[in-house]
Amino acid sequence: MIFAVALSVAYSKKDIDAQKAIQDKTGAMFFMAVNQAFGMIGPVLGSFPIERGIVLRERMARSYRLSAYYLAKVWSEMPVVCGLPVVFGCITYPALRLRRDIKHFGIFLLIMVLNSICATSLGILVSAATSSFREANSIAPVIMVISLLFGGFYVNSQNMHPFLVGLSQLSFIRHTFAALSINEFKGLHIPCEKGAADCVSGGDQVLSRLSLDTLTLGRAILGQVALIGMFNICALAALRRNMPSFEPLKSGQVPGPPSEPEGKKQGT
């Protein structure tokens with residue numbers, strides 16, 4: 001909430017130039033995507049390493065399936081994961097003077113919630129694939145920085161090598177920024193001052209400069225949903241791989257006593 005208030009104060013000036021506000025809006029939307037991502041990915045990094053011992057003991061007792069534990073873990077995070085972006089958006093949306101109608105506002109909140117779920121799913125994946133919080137905390141920032149680099153704000157996709165364009169599709173920040181930009185600028189009329197040499201009269205020109213003119217809002221949101229599914233499937237697979245498996249005992253079979261070390265046997 002501190003960042004929501006800070007962002008609102010930064011854009012609270014009433015008399016602003018409509019042309020210069022383009023930069024303000026694009027920068028603010030990218031900042032919101034990044035801020036929500038870092039805020040959501042951090043708290044879940046230590047989830048599985050900390051709970052691994054408890055889950056292992058209960059799995060040995062066959063209390064529940066691993067998939068049931070994973071789903072319960074994910075769903076337990078949803079109230080916070082979905083609630084915080086809504087509160088954040090309700091504070092920042094009017095302060096940024098984004099399109100003031102209920103349709104675009106609702107889509108904005110949906111995009112922010114999906115971005116939050118993407119970040120949480122990625123954090124769960126990193127947590128499930130590592131054996132300790134220190135390891136997860138070292139890997140996650142690297143993934144996030146790469147995701148920011150290919151987020152569509154720092155590097156235009158038309159200036160990337162073809163193989164990097166495909167790699168950038170794995171950046172959920174890119175899909176969030178694209179969806180927010182299309183929701184805001186598609187079909188938007190931007191007033192120009194008389195005699196202005198370089199004037200952007202419509203939001204479609206802004207999208208063209210961002211190389212988002214060929215992308216639809218539906219495809220951008222679908223990209224978020226696809227990454228959520230991919231992150232969770234990979235996380236469950238990683239969790240299964242890192243959890244040791246146990247063969248069930250046969251009826252009437254009793255585990256034998258542990259064997260003595262070789263050195264102790266030779267000493268006797």
# chains A, B, ... in the order shown; residues from 1 in each chain; ligands from 1
>>> residues_around(residues="Ile228 (chain A)", least_positions_apart="6", cutoff="9 Å", atoms="only C-alpha atoms", output="MDAnalysis selection string")
chainID A and resid 114 117:122 172
>>> select_by_dssp(residues="region 50-252 of chain A", states="helix (DSSP H, G or I)", output="number ranges by chain")
A: 50-60, 66-95, 102-129, 133-149, 157-159, 162-168, 172-185, 203-209, 217-242
>>> residues_around(residues="Gly152 (chain A)", least_positions_apart="2", cutoff="10 Å", atoms="only C-alpha atoms", output="ChimeraX atom specification")
/A:30,147-150,154-157,168,171,173-178,210-212
>>> write_last_selection(atoms="N, CA and C atoms", output="mmCIF file, in the first residue's frame")
data_model
loop_
_atom_site.group_PDB
_atom_site.id
_atom_site.type_symbol
_atom_site.label_atom_id
_atom_site.label_comp_id
_atom_site.auth_asym_id
_atom_site.auth_seq_id
_atom_site.Cartn_x
_atom_site.Cartn_y
_atom_site.Cartn_z
ATOM 1 N N PHE A 30 4.060 -0.018 -16.315
ATOM 2 C CA PHE A 30 5.159 -0.982 -16.188
ATOM 3 C C PHE A 30 5.602 -1.096 -14.728
ATOM 4 N N SER A 147 13.005 -11.347 -16.878
ATOM 5 C CA SER A 147 11.614 -11.075 -17.237
ATOM 6 C C SER A 147 11.377 -9.575 -17.425
ATOM 7 N N LEU A 148 12.020 -8.763 -16.605
ATOM 8 C CA LEU A 148 11.900 -7.307 -16.750
ATOM 9 C C LEU A 148 12.545 -6.828 -18.035
ATOM 10 N N LEU A 149 13.713 -7.399 -18.364
ATOM 11 C CA LEU A 149 14.432 -6.987 -19.563
ATOM 12 C C LEU A 149 13.602 -7.214 -20.817
ATOM 13 N N PHE A 150 12.873 -8.333 -20.845
ATOM 14 C CA PHE A 150 12.037 -8.658 -21.999
ATOM 15 C C PHE A 150 10.582 -8.252 -21.759
ATOM 16 N N TYR A 154 11.731 -1.734 -21.846
ATOM 17 C CA TYR A 154 13.126 -1.347 -22.047
ATOM 18 C C TYR A 154 13.612 -1.627 -23.465
ATOM 19 N N VAL A 155 13.194 -2.743 -24.048
ATOM 20 C CA VAL A 155 13.632 -3.144 -25.386
ATOM 21 C C VAL A 155 12.403 -3.406 -26.242
ATOM 22 N N ASN A 156 12.344 -2.741 -27.396
ATOM 23 C CA ASN A 156 11.247 -2.965 -28.327
ATOM 24 C C ASN A 156 11.420 -4.326 -28.990
ATOM 25 N N SER A 157 10.338 -5.078 -29.120
ATOM 26 C CA SER A 157 10.421 -6.434 -29.663
ATOM 27 C C SER A 157 10.922 -6.452 -31.103
ATOM 28 N N SER A 168 10.952 -13.998 -25.143
ATOM 29 C CA SER A 168 10.243 -12.951 -24.406
ATOM 30 C C SER A 168 8.802 -13.330 -24.101
ATOM 31 N N SER A 171 7.991 -14.157 -20.553
ATOM 32 C CA SER A 171 7.982 -13.088 -19.558
ATOM 33 C C SER A 171 6.545 -12.677 -19.252
ATOM 34 N N ILE A 173 5.712 -10.408 -17.251
ATOM 35 C CA ILE A 173 5.700 -8.937 -17.190
ATOM 36 C C ILE A 173 5.348 -8.359 -18.561
ATOM 37 N N ARG A 174 5.857 -8.979 -19.600
ATOM 38 C CA ARG A 174 5.568 -8.518 -20.957
ATOM 39 C C ARG A 174 4.078 -8.605 -21.259
ATOM 40 N N HIS A 175 3.460 -9.726 -20.926
ATOM 41 C CA HIS A 175 2.029 -9.904 -21.200
ATOM 42 C C HIS A 175 1.192 -8.926 -20.366
ATOM 43 N N THR A 176 1.614 -8.698 -19.124
ATOM 44 C CA THR A 176 0.882 -7.750 -18.275
ATOM 45 C C THR A 176 0.987 -6.338 -18.816
ATOM 46 N N PHE A 177 2.205 -5.926 -19.172
ATOM 47 C CA PHE A 177 2.409 -4.577 -19.698
ATOM 48 C C PHE A 177 1.664 -4.391 -21.014
ATOM 49 N N ALA A 178 1.683 -5.417 -21.863
ATOM 50 C CA ALA A 178 0.970 -5.330 -23.136
ATOM 51 C C ALA A 178 -0.535 -5.201 -22.908
ATOM 52 N N LEU A 210 5.210 0.960 -29.452
ATOM 53 C CA LEU A 210 5.579 -0.100 -28.515
ATOM 54 C C LEU A 210 5.555 -1.480 -29.166
ATOM 55 N N SER A 211 5.268 -1.516 -30.472
ATOM 56 C CA SER A 211 5.143 -2.774 -31.226
ATOM 57 C C SER A 211 4.047 -3.672 -30.652
ATOM 58 N N LEU A 212 2.957 -3.047 -30.210
ATOM 59 C CA LEU A 212 1.822 -3.781 -29.666
ATOM 60 C C LEU A 212 0.575 -3.614 -30.533
#
>>> residues_around(residues="Ala226 (chain A)", least_positions_apart="4", cutoff="10 Å", atoms="only C-alpha atoms", output="list in words")
Cys118, Leu170, Phe172, Ala220, Ile221, Leu222, Met230 and Phe231 of chain A
>>> residues_around(residues="region 140-144 of chain A", least_positions_apart="2", cutoff="9 Å", atoms="only C-alpha atoms", output="ChimeraX atom specification")
/A:34,37-38,41-42,45,122-123,126-127,135-138,146-149,171,173
>>> closest_residue(among="A:Gly39, A:Arg57, A:Leu84, A:Asn183", to="Lys103 (chain A)", atoms="only C-alpha atoms")
A:Asn183
>>> atom_distance(atom1="CA of Leu7 (chain A)", atom2="CA of Val113 (chain A)")
18.2 Å
>>> atom_distance(atom1="CA of Ile190 (chain A)", atom2="CA of Gly203 (chain A)")
6.8 Å
>>> residues_around(residues="Thr214 (chain A)", least_positions_apart="5", cutoff="12 Å", atoms="only C-alpha atoms", output="VMD selection string")
chain A and resid 157 to 158 178 182 186 204 to 205 207 to 209 219 to 220
>>> write_last_selection(atoms="all heavy atoms", output="short mmCIF file (atom, residue, chain, number, x, y, z; two decimals), in the first residue's frame")
data_model
loop_
_atom_site.label_atom_id
_atom_site.label_comp_id
_atom_site.auth_asym_id
_atom_site.auth_seq_id
_atom_site.Cartn_x
_atom_site.Cartn_y
_atom_site.Cartn_z
N SER A 157 10.34 -5.08 -29.12
CA SER A 157 10.42 -6.43 -29.66
C SER A 157 10.92 -6.45 -31.10
O SER A 157 11.53 -7.43 -31.55
CB SER A 157 9.06 -7.12 -29.58
OG SER A 157 8.09 -6.41 -30.33
N GLN A 158 10.69 -5.37 -31.86
CA GLN A 158 11.16 -5.32 -33.24
C GLN A 158 12.67 -5.14 -33.33
O GLN A 158 13.26 -5.36 -34.40
CB GLN A 158 10.46 -4.19 -34.00
CG GLN A 158 8.98 -4.45 -34.25
CD GLN A 158 8.36 -3.41 -35.16
OE1 GLN A 158 9.00 -2.42 -35.54
NE2 GLN A 158 7.11 -3.64 -35.53
N ALA A 178 1.68 -5.42 -21.86
CA ALA A 178 0.97 -5.33 -23.14
C ALA A 178 -0.54 -5.20 -22.91
O ALA A 178 -1.21 -4.37 -23.54
CB ALA A 178 1.28 -6.56 -23.98
N ILE A 182 -2.74 -1.94 -24.01
CA ILE A 182 -3.84 -2.05 -24.98
C ILE A 182 -5.15 -1.60 -24.34
O ILE A 182 -5.96 -0.90 -24.98
CB ILE A 182 -3.94 -3.50 -25.48
CG1 ILE A 182 -2.69 -3.88 -26.26
CG2 ILE A 182 -5.18 -3.68 -26.36
CD1 ILE A 182 -2.61 -5.35 -26.62
N LYS A 186 -5.87 1.65 -26.66
CA LYS A 186 -6.61 1.22 -27.86
C LYS A 186 -7.82 2.11 -28.08
O LYS A 186 -8.74 2.19 -27.26
CB LYS A 186 -7.06 -0.24 -27.69
CG LYS A 186 -7.67 -0.84 -28.95
CD LYS A 186 -6.62 -1.05 -30.02
CE LYS A 186 -7.19 -1.78 -31.23
NZ LYS A 186 -6.19 -1.96 -32.29
N ASP A 204 -3.57 4.44 -30.69
CA ASP A 204 -3.06 3.40 -31.58
C ASP A 204 -1.63 3.72 -32.02
O ASP A 204 -0.84 2.80 -32.27
CB ASP A 204 -3.96 3.27 -32.80
CG ASP A 204 -5.33 2.71 -32.44
OD1 ASP A 204 -5.45 2.07 -31.37
OD2 ASP A 204 -6.28 2.91 -33.22
N GLN A 205 -1.28 4.99 -32.13
CA GLN A 205 0.09 5.37 -32.46
C GLN A 205 1.04 4.98 -31.33
O GLN A 205 2.17 4.57 -31.58
CB GLN A 205 0.17 6.88 -32.72
CG GLN A 205 -0.54 7.34 -33.96
CD GLN A 205 -0.46 8.85 -34.13
OE1 GLN A 205 -1.41 9.58 -33.84
NE2 GLN A 205 0.69 9.33 -34.57
N LEU A 207 0.62 2.45 -29.27
CA LEU A 207 0.77 1.00 -29.34
C LEU A 207 1.69 0.60 -30.48
O LEU A 207 2.45 -0.36 -30.36
CB LEU A 207 -0.60 0.34 -29.51
CG LEU A 207 -1.59 0.52 -28.35
CD1 LEU A 207 -2.94 -0.12 -28.69
CD2 LEU A 207 -1.03 -0.09 -27.07
N SER A 208 1.63 1.33 -31.59
CA SER A 208 2.51 1.04 -32.72
C SER A 208 3.97 1.27 -32.34
O SER A 208 4.85 0.48 -32.72
CB SER A 208 2.13 1.92 -33.92
OG SER A 208 3.00 1.67 -35.01
N ARG A 209 4.25 2.33 -31.60
CA ARG A 209 5.62 2.60 -31.18
C ARG A 209 6.13 1.56 -30.18
O ARG A 209 7.33 1.31 -30.09
CB ARG A 209 5.71 4.00 -30.57
CG ARG A 209 5.46 5.12 -31.56
CD ARG A 209 5.62 6.50 -30.94
NE ARG A 209 5.40 7.56 -31.90
CZ ARG A 209 5.55 8.85 -31.65
NH1 ARG A 209 5.91 9.25 -30.43
NH2 ARG A 209 5.33 9.75 -32.59
N ARG A 219 -5.48 -11.79 -26.56
CA ARG A 219 -4.26 -12.59 -26.68
C ARG A 219 -3.29 -12.28 -25.54
O ARG A 219 -2.62 -13.18 -25.03
CB ARG A 219 -3.58 -12.34 -28.02
CG ARG A 219 -4.24 -13.01 -29.21
CD ARG A 219 -3.52 -12.68 -30.49
NE ARG A 219 -2.10 -13.03 -30.42
CZ ARG A 219 -1.19 -12.63 -31.31
NH1 ARG A 219 -1.55 -11.84 -32.32
NH2 ARG A 219 0.06 -13.00 -31.19
N ALA A 220 -3.23 -11.03 -25.15
CA ALA A 220 -2.33 -10.66 -24.04
C ALA A 220 -2.79 -11.30 -22.73
O ALA A 220 -1.98 -11.83 -21.97
CB ALA A 220 -2.26 -9.14 -23.91
#
>>> residues_around(residues="Cys82 (chain A)", least_positions_apart="5", cutoff="12 Å", atoms="only C-alpha atoms", output="PDB file with N, CA, C and O atoms, in the first residue's frame")
ATOM      1  N   GLN A  36       3.973  -5.277  -8.326  1.00  0.00           N
ATOM      2  CA  GLN A  36       3.119  -6.380  -7.904  1.00  0.00           C
ATOM      3  C   GLN A  36       3.851  -7.715  -8.005  1.00  0.00           C
ATOM      4  O   GLN A  36       3.693  -8.592  -7.148  1.00  0.00           O
ATOM      5  N   MET A  40       4.681 -10.199  -4.734  1.00  0.00           N
ATOM      6  CA  MET A  40       4.018 -11.489  -4.605  1.00  0.00           C
ATOM      7  C   MET A  40       4.974 -12.670  -4.657  1.00  0.00           C
ATOM      8  O   MET A  40       4.709 -13.712  -4.066  1.00  0.00           O
ATOM      9  N   VAL A  74      -1.864 -23.780  -2.948  1.00  0.00           N
ATOM     10  CA  VAL A  74      -2.109 -22.713  -3.920  1.00  0.00           C
ATOM     11  C   VAL A  74      -3.376 -21.943  -3.581  1.00  0.00           C
ATOM     12  O   VAL A  74      -3.394 -20.702  -3.572  1.00  0.00           O
ATOM     13  N   TRP A  75      -4.458 -22.671  -3.272  1.00  0.00           N
ATOM     14  CA  TRP A  75      -5.731 -22.002  -2.994  1.00  0.00           C
ATOM     15  C   TRP A  75      -5.691 -21.200  -1.696  1.00  0.00           C
ATOM     16  O   TRP A  75      -6.397 -20.198  -1.558  1.00  0.00           O
ATOM     17  N   SER A  76      -4.872 -21.619  -0.754  1.00  0.00           N
ATOM     18  CA  SER A  76      -4.758 -20.862   0.498  1.00  0.00           C
ATOM     19  C   SER A  76      -4.126 -19.494   0.279  1.00  0.00           C
ATOM     20  O   SER A  76      -4.318 -18.577   1.079  1.00  0.00           O
ATOM     21  N   GLU A  77      -3.362 -19.365  -0.798  1.00  0.00           N
ATOM     22  CA  GLU A  77      -2.716 -18.080  -1.104  1.00  0.00           C
ATOM     23  C   GLU A  77      -3.631 -17.126  -1.866  1.00  0.00           C
ATOM     24  O   GLU A  77      -3.364 -15.926  -1.934  1.00  0.00           O
ATOM     25  N   VAL A  87      -7.085  -3.835  -4.235  1.00  0.00           N
ATOM     26  CA  VAL A  87      -6.931  -2.642  -3.387  1.00  0.00           C
ATOM     27  C   VAL A  87      -5.927  -1.678  -4.012  1.00  0.00           C
ATOM     28  O   VAL A  87      -6.150  -0.457  -4.069  1.00  0.00           O
ATOM     29  N   PHE A  88      -4.821  -2.230  -4.495  1.00  0.00           N
ATOM     30  CA  PHE A  88      -3.786  -1.409  -5.143  1.00  0.00           C
ATOM     31  C   PHE A  88      -4.354  -0.673  -6.354  1.00  0.00           C
ATOM     32  O   PHE A  88      -4.122   0.519  -6.549  1.00  0.00           O
ATOM     33  N   GLY A  89      -5.131  -1.390  -7.178  1.00  0.00           N
ATOM     34  CA  GLY A  89      -5.698  -0.784  -8.372  1.00  0.00           C
ATOM     35  C   GLY A  89      -6.741   0.279  -8.066  1.00  0.00           C
ATOM     36  O   GLY A  89      -6.823   1.299  -8.754  1.00  0.00           O
ATOM     37  N   LEU A 109      -8.326  -4.244 -13.402  1.00  0.00           N
ATOM     38  CA  LEU A 109      -8.227  -5.044 -12.182  1.00  0.00           C
ATOM     39  C   LEU A 109      -7.983  -6.517 -12.506  1.00  0.00           C
ATOM     40  O   LEU A 109      -7.199  -7.191 -11.829  1.00  0.00           O
ATOM     41  N   LEU A 110      -8.643  -7.030 -13.541  1.00  0.00           N
ATOM     42  CA  LEU A 110      -8.436  -8.420 -13.950  1.00  0.00           C
ATOM     43  C   LEU A 110      -6.987  -8.660 -14.348  1.00  0.00           C
ATOM     44  O   LEU A 110      -6.375  -9.670 -13.961  1.00  0.00           O
ATOM     45  N   ILE A 111      -6.426  -7.737 -15.117  1.00  0.00           N
ATOM     46  CA  ILE A 111      -5.024  -7.873 -15.559  1.00  0.00           C
ATOM     47  C   ILE A 111      -4.082  -7.866 -14.373  1.00  0.00           C
ATOM     48  O   ILE A 111      -3.133  -8.671 -14.302  1.00  0.00           O
ATOM     49  N   MET A 112      -4.333  -6.993 -13.417  1.00  0.00           N
ATOM     50  CA  MET A 112      -3.461  -6.911 -12.247  1.00  0.00           C
ATOM     51  C   MET A 112      -3.574  -8.166 -11.377  1.00  0.00           C
ATOM     52  O   MET A 112      -2.576  -8.632 -10.813  1.00  0.00           O
ATOM     53  N   VAL A 113      -4.778  -8.720 -11.256  1.00  0.00           N
ATOM     54  CA  VAL A 113      -4.952  -9.952 -10.485  1.00  0.00           C
ATOM     55  C   VAL A 113      -4.219 -11.107 -11.164  1.00  0.00           C
ATOM     56  O   VAL A 113      -3.529 -11.895 -10.504  1.00  0.00           O
ATOM     57  N   LEU A 114      -4.335 -11.210 -12.492  1.00  0.00           N
ATOM     58  CA  LEU A 114      -3.632 -12.262 -13.224  1.00  0.00           C
ATOM     59  C   LEU A 114      -2.120 -12.096 -13.121  1.00  0.00           C
ATOM     60  O   LEU A 114      -1.381 -13.085 -13.020  1.00  0.00           O
ATOM     61  N   ASN A 115      -1.656 -10.858 -13.131  1.00  0.00           N
ATOM     62  CA  ASN A 115      -0.224 -10.609 -12.956  1.00  0.00           C
ATOM     63  C   ASN A 115       0.243 -11.080 -11.585  1.00  0.00           C
ATOM     64  O   ASN A 115       1.323 -11.687 -11.451  1.00  0.00           O
ATOM     65  N   SER A 116      -0.559 -10.830 -10.575  1.00  0.00           N
ATOM     66  CA  SER A 116      -0.231 -11.273  -9.218  1.00  0.00           C
ATOM     67  C   SER A 116      -0.201 -12.794  -9.121  1.00  0.00           C
ATOM     68  O   SER A 116       0.692 -13.378  -8.483  1.00  0.00           O
ATOM     69  N   ILE A 117      -1.164 -13.456  -9.770  1.00  0.00           N
ATOM     70  CA  ILE A 117      -1.194 -14.922  -9.761  1.00  0.00           C
ATOM     71  C   ILE A 117       0.006 -15.483 -10.527  1.00  0.00           C
ATOM     72  O   ILE A 117       0.588 -16.497 -10.124  1.00  0.00           O
ATOM     73  N   CYS A 118       0.381 -14.834 -11.626  1.00  0.00           N
ATOM     74  CA  CYS A 118       1.565 -15.257 -12.391  1.00  0.00           C
ATOM     75  C   CYS A 118       2.813 -15.217 -11.519  1.00  0.00           C
ATOM     76  O   CYS A 118       3.606 -16.165 -11.498  1.00  0.00           O
ATOM     77  N   ALA A 119       2.998 -14.104 -10.813  1.00  0.00           N
ATOM     78  CA  ALA A 119       4.180 -13.959  -9.965  1.00  0.00           C
ATOM     79  C   ALA A 119       4.186 -14.994  -8.852  1.00  0.00           C
ATOM     80  O   ALA A 119       5.227 -15.600  -8.549  1.00  0.00           O
ATOM     81  N   THR A 120       3.036 -15.214  -8.233  1.00  0.00           N
ATOM     82  CA  THR A 120       2.940 -16.217  -7.172  1.00  0.00           C
ATOM     83  C   THR A 120       3.223 -17.613  -7.707  1.00  0.00           C
ATOM     84  O   THR A 120       3.922 -18.408  -7.071  1.00  0.00           O
TER      85      THR A 120
END
